[in-house]
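Everything below belongs to protein22.pdb, which stores PDB, C-alpha atoms.
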ATOM      1  CA  MET R   1     -10.104 -22.462  23.147
ATOM      2  CA  HIS R   2     -13.193 -20.278  23.487
ATOM      3  CA  ILE R   3     -13.585 -17.614  20.785
ATOM      4  CA  HIS R   4     -16.040 -14.794  21.369
ATOM      5  CA  PHE R   5     -17.684 -13.597  18.156
ATOM      6  CA  ASP R   6     -18.566  -9.914  18.214
ATOM      7  CA  PHE R   7     -20.724  -9.250  15.144
ATOM      8  CA  TRP R   8     -19.325  -5.932  13.848
ATOM      9  CA  PRO R   9     -15.617  -6.744  14.298
ATOM     10  CA  THR R  10     -16.343 -10.056  12.544
ATOM     11  CA  VAL R  11     -17.886  -8.135   9.621
ATOM     12  CA  SER R  12     -14.815  -5.875   9.529
ATOM     13  CA  PHE R  13     -12.521  -8.915   9.430
ATOM     14  CA  ALA R  14     -14.520 -10.521   6.608
ATOM     15  CA  LEU R  15     -14.508  -7.349   4.497
ATOM     16  CA  VAL R  16     -10.759  -6.879   4.901
ATOM     17  CA  MET R  17     -10.124 -10.522   3.974
ATOM     18  CA  PHE R  18     -12.207 -10.062   0.829
ATOM     19  CA  SER R  19     -10.314  -6.888  -0.068
ATOM     20  CA  TRP R  20      -7.041  -8.850   0.348
ATOM     21  CA  PHE R  21      -8.367 -11.379  -2.145
ATOM     22  CA  LEU R  22      -9.025  -8.551  -4.625
ATOM     23  CA  PHE R  23      -5.624  -7.008  -3.846
ATOM     24  CA  ALA R  24      -3.894 -10.309  -4.698
ATOM     25  CA  ILE R  25      -5.797 -10.561  -7.965
ATOM     26  CA  VAL R  26      -4.412  -7.175  -9.061
ATOM     27  CA  PHE R  27      -0.819  -8.384  -8.743
ATOM     28  CA  VAL R  28      -1.121 -12.074  -9.588
ATOM     29  CA  ILE R  29      -3.876 -12.463 -12.150
ATOM     30  CA  GLN R  30      -4.171  -9.098 -13.896
ATOM     31  CA  LYS R  31      -2.359  -9.249 -17.234
ATOM     32  CA  ARG R  32       0.296  -6.657 -17.958
ATOM     33  CA  PRO R  33       2.000  -5.967 -21.281
ATOM     34  CA  PRO R  34       5.483  -7.460 -21.839
ATOM     35  CA  SER R  35       8.174  -5.472 -20.096
ATOM     36  CA  PRO R  36      10.926  -3.875 -22.185
ATOM     37  CA  PRO R  37      14.598  -4.374 -21.224
ATOM     38  CA  ASP R  38      15.889  -2.559 -18.138
ATOM     39  CA  LYS R  39      17.873   0.586 -18.719
ATOM     40  CA  GLU R  40      18.911   0.872 -15.077
ATOM     41  CA  ARG R  41      17.938  -0.956 -11.884
ATOM     42  CA  ASP R  42      18.546  -0.343  -8.172
ATOM     43  CA  PRO R  43      18.813  -3.615  -6.191
ATOM     44  CA  GLY R  44      19.054  -1.553  -2.980
ATOM     45  CA  SER R  45      15.312  -0.963  -3.182
ATOM     46  CA  LEU R  46      14.815  -4.612  -2.173
ATOM     47  CA  ILE R  47      15.698  -3.632   1.412
ATOM     48  CA  GLY R  48      12.600  -1.453   1.353
ATOM     49  CA  VAL R  49      10.534  -4.334  -0.062
ATOM     50  CA  ILE R  50      11.703  -6.575   2.787
ATOM     51  CA  LEU R  51      10.850  -3.986   5.453
ATOM     52  CA  GLN R  52       7.407  -3.474   3.952
ATOM     53  CA  GLY R  53       6.901  -7.245   4.022
ATOM     54  CA  VAL R  54       8.019  -7.418   7.668
ATOM     55  CA  SER R  55       5.559  -4.641   8.536
ATOM     56  CA  TYR R  56       2.692  -6.768   7.214
ATOM     57  CA  ALA R  57       4.027  -9.804   9.095
ATOM     58  CA  VAL R  58       4.052  -7.843  12.368
ATOM     59  CA  VAL R  59       0.471  -6.654  11.879
ATOM     60  CA  TRP R  60      -0.720 -10.209  11.137
ATOM     61  CA  ALA R  61       1.369 -11.902  13.846
ATOM     62  CA  TRP R  62       0.661  -9.483  16.696
ATOM     63  CA  HIS R  63      -3.077  -9.940  16.571
ATOM     64  CA  ARG R  64      -5.719  -9.484  19.214
ATOM     65  CA  HIS R  65      -8.380 -12.037  20.177
ATOM     66  CA  PRO R  66     -10.115 -13.117  16.946
ATOM     67  CA  PHE R  67     -13.264 -11.211  15.965
ATOM     68  CA  GLU R  68     -13.074  -8.729  18.831
ATOM     69  CA  ALA R  69     -12.863  -4.953  18.667
ATOM     70  CA  MET R  70      -9.455  -3.265  18.990
ATOM     71  CA  VAL R  71     -10.698  -1.222  21.958
ATOM     72  CA  SER R  72     -13.873  -1.210  23.997
ATOM     73  CA  MET R  73     -16.614   0.750  22.204
ATOM     74  CA  ASN R  74     -20.381   0.933  21.867
ATOM     75  CA  ASN R  75     -22.351  -0.509  18.952
ATOM     76  CA  ALA R  76     -22.561   2.774  17.014
ATOM     77  CA  ALA R  77     -18.783   3.186  17.233
ATOM     78  CA  LYS R  78     -18.292  -0.406  16.065
ATOM     79  CA  ILE R  79     -20.466   0.235  12.999
ATOM     80  CA  LEU R  80     -18.493   3.404  12.205
ATOM     81  CA  PHE R  81     -15.279   1.415  12.679
ATOM     82  CA  VAL R  82     -16.467  -1.161  10.118
ATOM     83  CA  ILE R  83     -17.397   1.558   7.620
ATOM     84  CA  VAL R  84     -14.030   3.324   7.955
ATOM     85  CA  THR R  85     -12.094   0.042   7.685
ATOM     86  CA  ALA R  86     -14.076  -1.003   4.598
ATOM     87  CA  ILE R  87     -13.558   2.381   2.900
ATOM     88  CA  ILE R  88      -9.805   2.215   3.545
ATOM     89  CA  SER R  89      -9.413  -1.383   2.360
ATOM     90  CA  PHE R  90     -11.554  -1.244  -0.785
ATOM     91  CA  GLY R  91     -10.323   2.267  -1.610
ATOM     92  CA  SER R  92      -6.765   0.936  -1.399
ATOM     93  CA  VAL R  93      -7.565  -1.855  -3.849
ATOM     94  CA  LEU R  94      -9.051   0.640  -6.316
ATOM     95  CA  VAL R  95      -6.018   2.923  -6.057
ATOM     96  CA  VAL R  96      -3.619   0.034  -6.705
ATOM     97  CA  MET R  97      -5.699  -1.250  -9.622
ATOM     98  CA  ALA R  98      -5.696   2.192 -11.233
ATOM     99  CA  ALA R  99      -1.955   2.652 -10.655
ATOM    100  CA  VAL R 100      -0.984  -0.745 -12.095
ATOM    101  CA  ARG R 101      -3.200  -0.126 -15.125
ATOM    102  CA  VAL R 102      -1.632   3.286 -15.803
ATOM    103  CA  LEU R 103       1.931   2.021 -15.243
ATOM    104  CA  GLY R 104       1.516  -0.969 -17.569
ATOM    105  CA  LYS R 105       4.892  -2.270 -18.747
ATOM    106  CA  GLU R 106       6.794  -0.009 -16.330
ATOM    107  CA  TRP R 107       5.483  -1.677 -13.164
ATOM    108  CA  SER R 108       8.095  -3.636 -11.221
ATOM    109  CA  VAL R 109       8.834  -4.790  -7.674
ATOM    110  CA  MET R 110      12.394  -3.475  -7.880
ATOM    111  CA  ALA R 111      13.198   0.178  -8.613
ATOM    112  CA  ARG R 112      14.107   0.438 -12.291
ATOM    113  CA  VAL R 113      13.931   2.464 -15.480
ATOM    114  CA  VAL R 114      13.169   0.597 -18.718
ATOM    115  CA  GLU R 115      13.977   1.371 -22.338
ATOM    116  CA  GLY R 116      11.539   4.046 -23.539
ATOM    117  CA  HIS R 117      10.450   4.775 -19.961
ATOM    118  CA  GLU R 118       7.759   7.432 -19.661
ATOM    119  CA  LEU R 119       7.115   9.691 -16.671
ATOM    120  CA  VAL R 120       3.585   8.739 -15.608
ATOM    121  CA  THR R 121       1.632  11.636 -14.105
ATOM    122  CA  SER R 122      -1.944  10.666 -14.990
ATOM    123  CA  GLY R 123      -4.603   8.683 -13.118
ATOM    124  CA  PRO R 124      -3.779   8.331  -9.404
ATOM    125  CA  TYR R 125      -0.315   9.748 -10.158
ATOM    126  CA  GLN R 126      -1.975  13.172 -10.313
ATOM    127  CA  PHE R 127      -2.488  13.001  -6.537
ATOM    128  CA  VAL R 128       0.524  11.033  -5.252
ATOM    129  CA  ARG R 129       3.829  10.075  -6.838
ATOM    130  CA  HIS R 130       3.657   6.498  -5.517
ATOM    131  CA  PRO R 131      -0.011   5.412  -5.432
ATOM    132  CA  ILE R 132       0.845   1.711  -5.173
ATOM    133  CA  TYR R 133       2.506   2.462  -1.832
ATOM    134  CA  THR R 134      -0.559   4.519  -0.900
ATOM    135  CA  GLY R 135      -2.683   1.421  -1.505
ATOM    136  CA  MET R 136      -0.247  -0.794   0.390
ATOM    137  CA  LEU R 137      -0.332   1.615   3.329
ATOM    138  CA  GLY R 138      -4.115   1.573   3.275
ATOM    139  CA  MET R 139      -4.188  -2.223   3.294
ATOM    140  CA  LEU R 140      -1.755  -2.273   6.227
ATOM    141  CA  VAL R 141      -3.918   0.146   8.219
ATOM    142  CA  ALA R 142      -7.173  -1.657   7.368
ATOM    143  CA  THR R 143      -5.669  -5.037   8.301
ATOM    144  CA  GLY R 144      -4.346  -3.606  11.546
ATOM    145  CA  LEU R 145      -7.749  -2.153  12.417
ATOM    146  CA  ALA R 146      -9.453  -5.463  11.632
ATOM    147  CA  VAL R 147      -7.107  -7.977  13.287
ATOM    148  CA  SER R 148      -4.071  -6.446  14.994
ATOM    149  CA  HIS R 149      -3.225  -5.384  18.506
ATOM    150  CA  TRP R 150      -2.821  -1.598  18.499
ATOM    151  CA  LEU R 151       0.868  -1.903  19.363
ATOM    152  CA  GLY R 152       1.394  -4.308  16.461
ATOM    153  CA  LEU R 153      -0.211  -1.782  14.126
ATOM    154  CA  LEU R 154       2.053   1.023  15.374
ATOM    155  CA  ILE R 155       5.219  -1.070  14.956
ATOM    156  CA  GLY R 156       4.021  -2.233  11.543
ATOM    157  CA  LEU R 157       3.442   1.366  10.462
ATOM    158  CA  PHE R 158       6.900   2.364  11.675
ATOM    159  CA  LEU R 159       8.571  -0.401   9.640
ATOM    160  CA  PHE R 160       6.401   0.330   6.606
ATOM    161  CA  VAL R 161       7.340   4.024   6.625
ATOM    162  CA  ILE R 162      11.057   3.182   6.733
ATOM    163  CA  GLY R 163      10.738   0.589   3.971
ATOM    164  CA  THR R 164       8.667   2.908   1.814
ATOM    165  CA  ALA R 165      11.124   5.775   2.303
ATOM    166  CA  ILE R 166      13.923   3.500   1.033
ATOM    167  CA  ARG R 167      11.904   2.482  -2.024
ATOM    168  CA  VAL R 168      10.816   6.040  -2.806
ATOM    169  CA  ARG R 169      14.396   7.276  -2.559
ATOM    170  CA  SER R 170      15.660   4.537  -4.900
ATOM    171  CA  GLU R 171      12.928   5.052  -7.485
ATOM    172  CA  GLU R 172      13.129   8.817  -7.446
ATOM    173  CA  ARG R 173      16.901   8.814  -7.868
ATOM    174  CA  LEU R 174      16.439   6.858 -11.101
ATOM    175  CA  LEU R 175      13.595   9.094 -12.252
ATOM    176  CA  HIS R 176      15.625  12.229 -11.511
ATOM    177  CA  GLU R 177      18.563  10.871 -13.510
ATOM    178  CA  THR R 178      16.239  10.018 -16.404
ATOM    179  CA  PHE R 179      13.894  13.015 -16.537
ATOM    180  CA  GLY R 180      15.792  15.756 -14.693
ATOM    181  CA  ALA R 181      13.903  19.035 -14.274
ATOM    182  CA  ARG R 182      10.665  17.538 -15.554
ATOM    183  CA  PHE R 183      10.604  15.036 -12.701
ATOM    184  CA  GLU R 184      11.706  17.641 -10.153
ATOM    185  CA  ASN R 185       8.804  19.873 -11.152
ATOM    186  CA  TYR R 186       6.437  16.936 -10.706
ATOM    187  CA  ARG R 187       8.028  16.045  -7.353
ATOM    188  CA  GLN R 188       7.569  19.601  -6.072
ATOM    189  CA  ARG R 189       3.889  19.655  -7.028
ATOM    190  CA  VAL R 190       2.701  16.199  -5.939
ATOM    191  CA  PRO R 191       3.113  14.528  -2.535
ATOM    192  CA  ALA R 192       4.884  11.181  -2.318
ATOM    193  CA  VAL R 193       2.425   8.741  -0.725
ATOM    194  CA  VAL R 194      -0.325  10.465   1.286
ATOM    195  CA  PRO R 195      -2.572  12.830  -0.737
ATOM    196  CA  PHE R 196      -2.378  16.495   0.254
ATOM    197  CA  VAL R 197       0.559  15.815   2.609
ATOM    198  CA  PHE R 198       3.951  17.075   1.384
TER     199      PHE R 198
END

For this file, write the structure as structure tokens.
Amino acid sequence: MHIHFDFWPTVSFALVMFSWFLFAIVFVIQKRPPSPPDKERDPGSLIGVILQGVSYAVVWAWHRHPFEAMVSMNNAAKILFVIVTAIISFGSVLVVMAAVRVLGKEWSVMARVVEGHELVTSGPYQFVRHPIYTGMLGMLVATGLAVSHWLGLLIGLFLFVIGTAIRVRSEERLLHETFGARFENYRQRVPAVVPFVF
């Protein structure tokens, strides 16, 4: 099979792959303090986790020809495309790193509240209530721009939004039950996933 290598899309692909390597390190290698016992947990949030996972699978599976641009464009546009993709992917890694560091022992895949749970509103949580999902969304978009067919990216985004909405709803129900008016005040002031978008 003949593969045409277009330089700038190839650079974009390489940068996104490297950012995925860094993204994995945040979750797999970075040490977190021991987690206290759960006070309450919502297994229903796993449906959201599954949908988010499927969204990534769609973006990876429905790919375009390797190392080619998503649409026809001139060289200047390709360079801009690489810059935007790199900013999104590496920015997403930084956001997730900051969020995991601030969350510490409270971070979990499943929606839960632990003994002595604190309402985190510092670091990236000043700008969005769920910065880890912000980073995950950024990685989805960057990956789609680097490797996916445009239709695969749109379907992936659709599934990701549904999955994220399920997870946000589960987590925020627990936080509302735990912190009441304090959480509601925070929720009214800070957008959920996308900065400056309520």

- Item | Resolved residues for the PyMOL selection byres ((chain R and resi 129) around 8) as a ChimeraX atom specification | /R:121,125-128,130-131,187,190-193

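Of the residues under consideration (R:Ile79, R:Gly138, R:Ile25, R:Ala111), R:Ala111 shows the shortest atom-to-atom contact distance to R:Arg167 when counting all atoms listed in the file.
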
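Using all atoms listed in the file, the shortest contact distance between R:Leu46 and any of R:Ser108, R:Leu153, R:Ile132, R:Ser148 is found at R:Ser108.
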
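Between atom CA of R:Tyr133 and atom CA of R:Thr85 the separation is 17.6 Å.
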
- Query: Between atom CA of R:Gly104 and atom CA of R:Glu171, what is the distance, to one decimal in Å?
  - Reply: 16.4 Å

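Separating atom CA of R:Val26 from atom CA of R:Gly144 is a distance of 20.9 Å.
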
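Applied to this file, the PyMOL selection byres ((chain R and resi 92-103) around 6) selects Phe23, Ile88, Ser89, Phe90, Gly91, Gly104, Glu106, Trp107, Ile132, Gly135 and Gly138 of chain R.
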
- Explicit residues for the PyMOL selection byres ((chain R and resi 146) around 6) (as a list in words): Ser12, Phe13, Thr143, Gly144, Leu145 and Val147 of chain R

- Note on the structure: Residue with the minimum atom-to-atom distance to R:Phe27, picked from R:Glu184, R:Val194, R:Ala69, R:Met136 with all atoms listed in the file counted, is R:Met136

Close residues, stretch 53-68 of chain R itself excluded, 9 Å, only C-alpha atoms, min 4 positions apart in chain, as a CSV table (one decimal) with C-alpha atoms, in the coordinates of the input:
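Output contents, as saved in out31.csv:
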chain,number,residue,atom,x,y,z
R,3,ILE,CA,-13.6,-17.6,20.8
R,4,HIS,CA,-16.0,-14.8,21.4
R,5,PHE,CA,-17.7,-13.6,18.2
R,6,ASP,CA,-18.6,-9.9,18.2
R,7,PHE,CA,-20.7,-9.2,15.1
R,8,TRP,CA,-19.3,-5.9,13.8
R,9,PRO,CA,-15.6,-6.7,14.3
R,10,THR,CA,-16.3,-10.1,12.5
R,11,VAL,CA,-17.9,-8.1,9.6
R,12,SER,CA,-14.8,-5.9,9.5
R,13,PHE,CA,-12.5,-8.9,9.4
R,48,GLY,CA,12.6,-1.5,1.4
R,49,VAL,CA,10.5,-4.3,-0.1
R,140,LEU,CA,-1.8,-2.3,6.2
R,141,VAL,CA,-3.9,0.1,8.2
R,143,THR,CA,-5.7,-5.0,8.3
R,144,GLY,CA,-4.3,-3.6,11.5
R,146,ALA,CA,-9.5,-5.5,11.6
R,147,VAL,CA,-7.1,-8.0,13.3
R,148,SER,CA,-4.1,-6.4,15.0
R,149,HIS,CA,-3.2,-5.4,18.5
R,150,TRP,CA,-2.8,-1.6,18.5
R,151,LEU,CA,0.9,-1.9,19.4
R,152,GLY,CA,1.4,-4.3,16.5
R,153,LEU,CA,-0.2,-1.8,14.1
R,154,LEU,CA,2.1,1.0,15.4
R,155,ILE,CA,5.2,-1.1,15.0
R,156,GLY,CA,4.0,-2.2,11.5
R,157,LEU,CA,3.4,1.4,10.5
R,158,PHE,CA,6.9,2.4,11.7
R,159,LEU,CA,8.6,-0.4,9.6
R,160,PHE,CA,6.4,0.3,6.6
R,163,GLY,CA,10.7,0.6,4.0

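Compared by their closest atoms to R:Ser170, and using all atoms listed in the file, the residues R:Lys78, R:Arg112, R:Lys105, R:Arg182 rank with R:Arg112 nearest.
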
Stretch 151-166 of chain R: axis-aligned bounding box, 4 Å on each side, centre and edge lengths in Å, one decimal, as lines of an AutoDock Vina configuration file:
center_x = 6.9
center_y = 0.7
center_z = 10.2
size_x = 22.1
size_y = 18.1
size_z = 26.3

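Closest approach to R:Ile47 among R:Thr134, R:Ala165, R:Ala14, R:Leu22: R:Ala165, based on all atoms listed in the file.
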
- Compare R:Tyr186, R:Ala24, R:Thr178, R:Pro195 by their minimum atom-to-atom distance to R:Glu118, counting all atoms listed in the file, and give me the closest one. R:Thr178
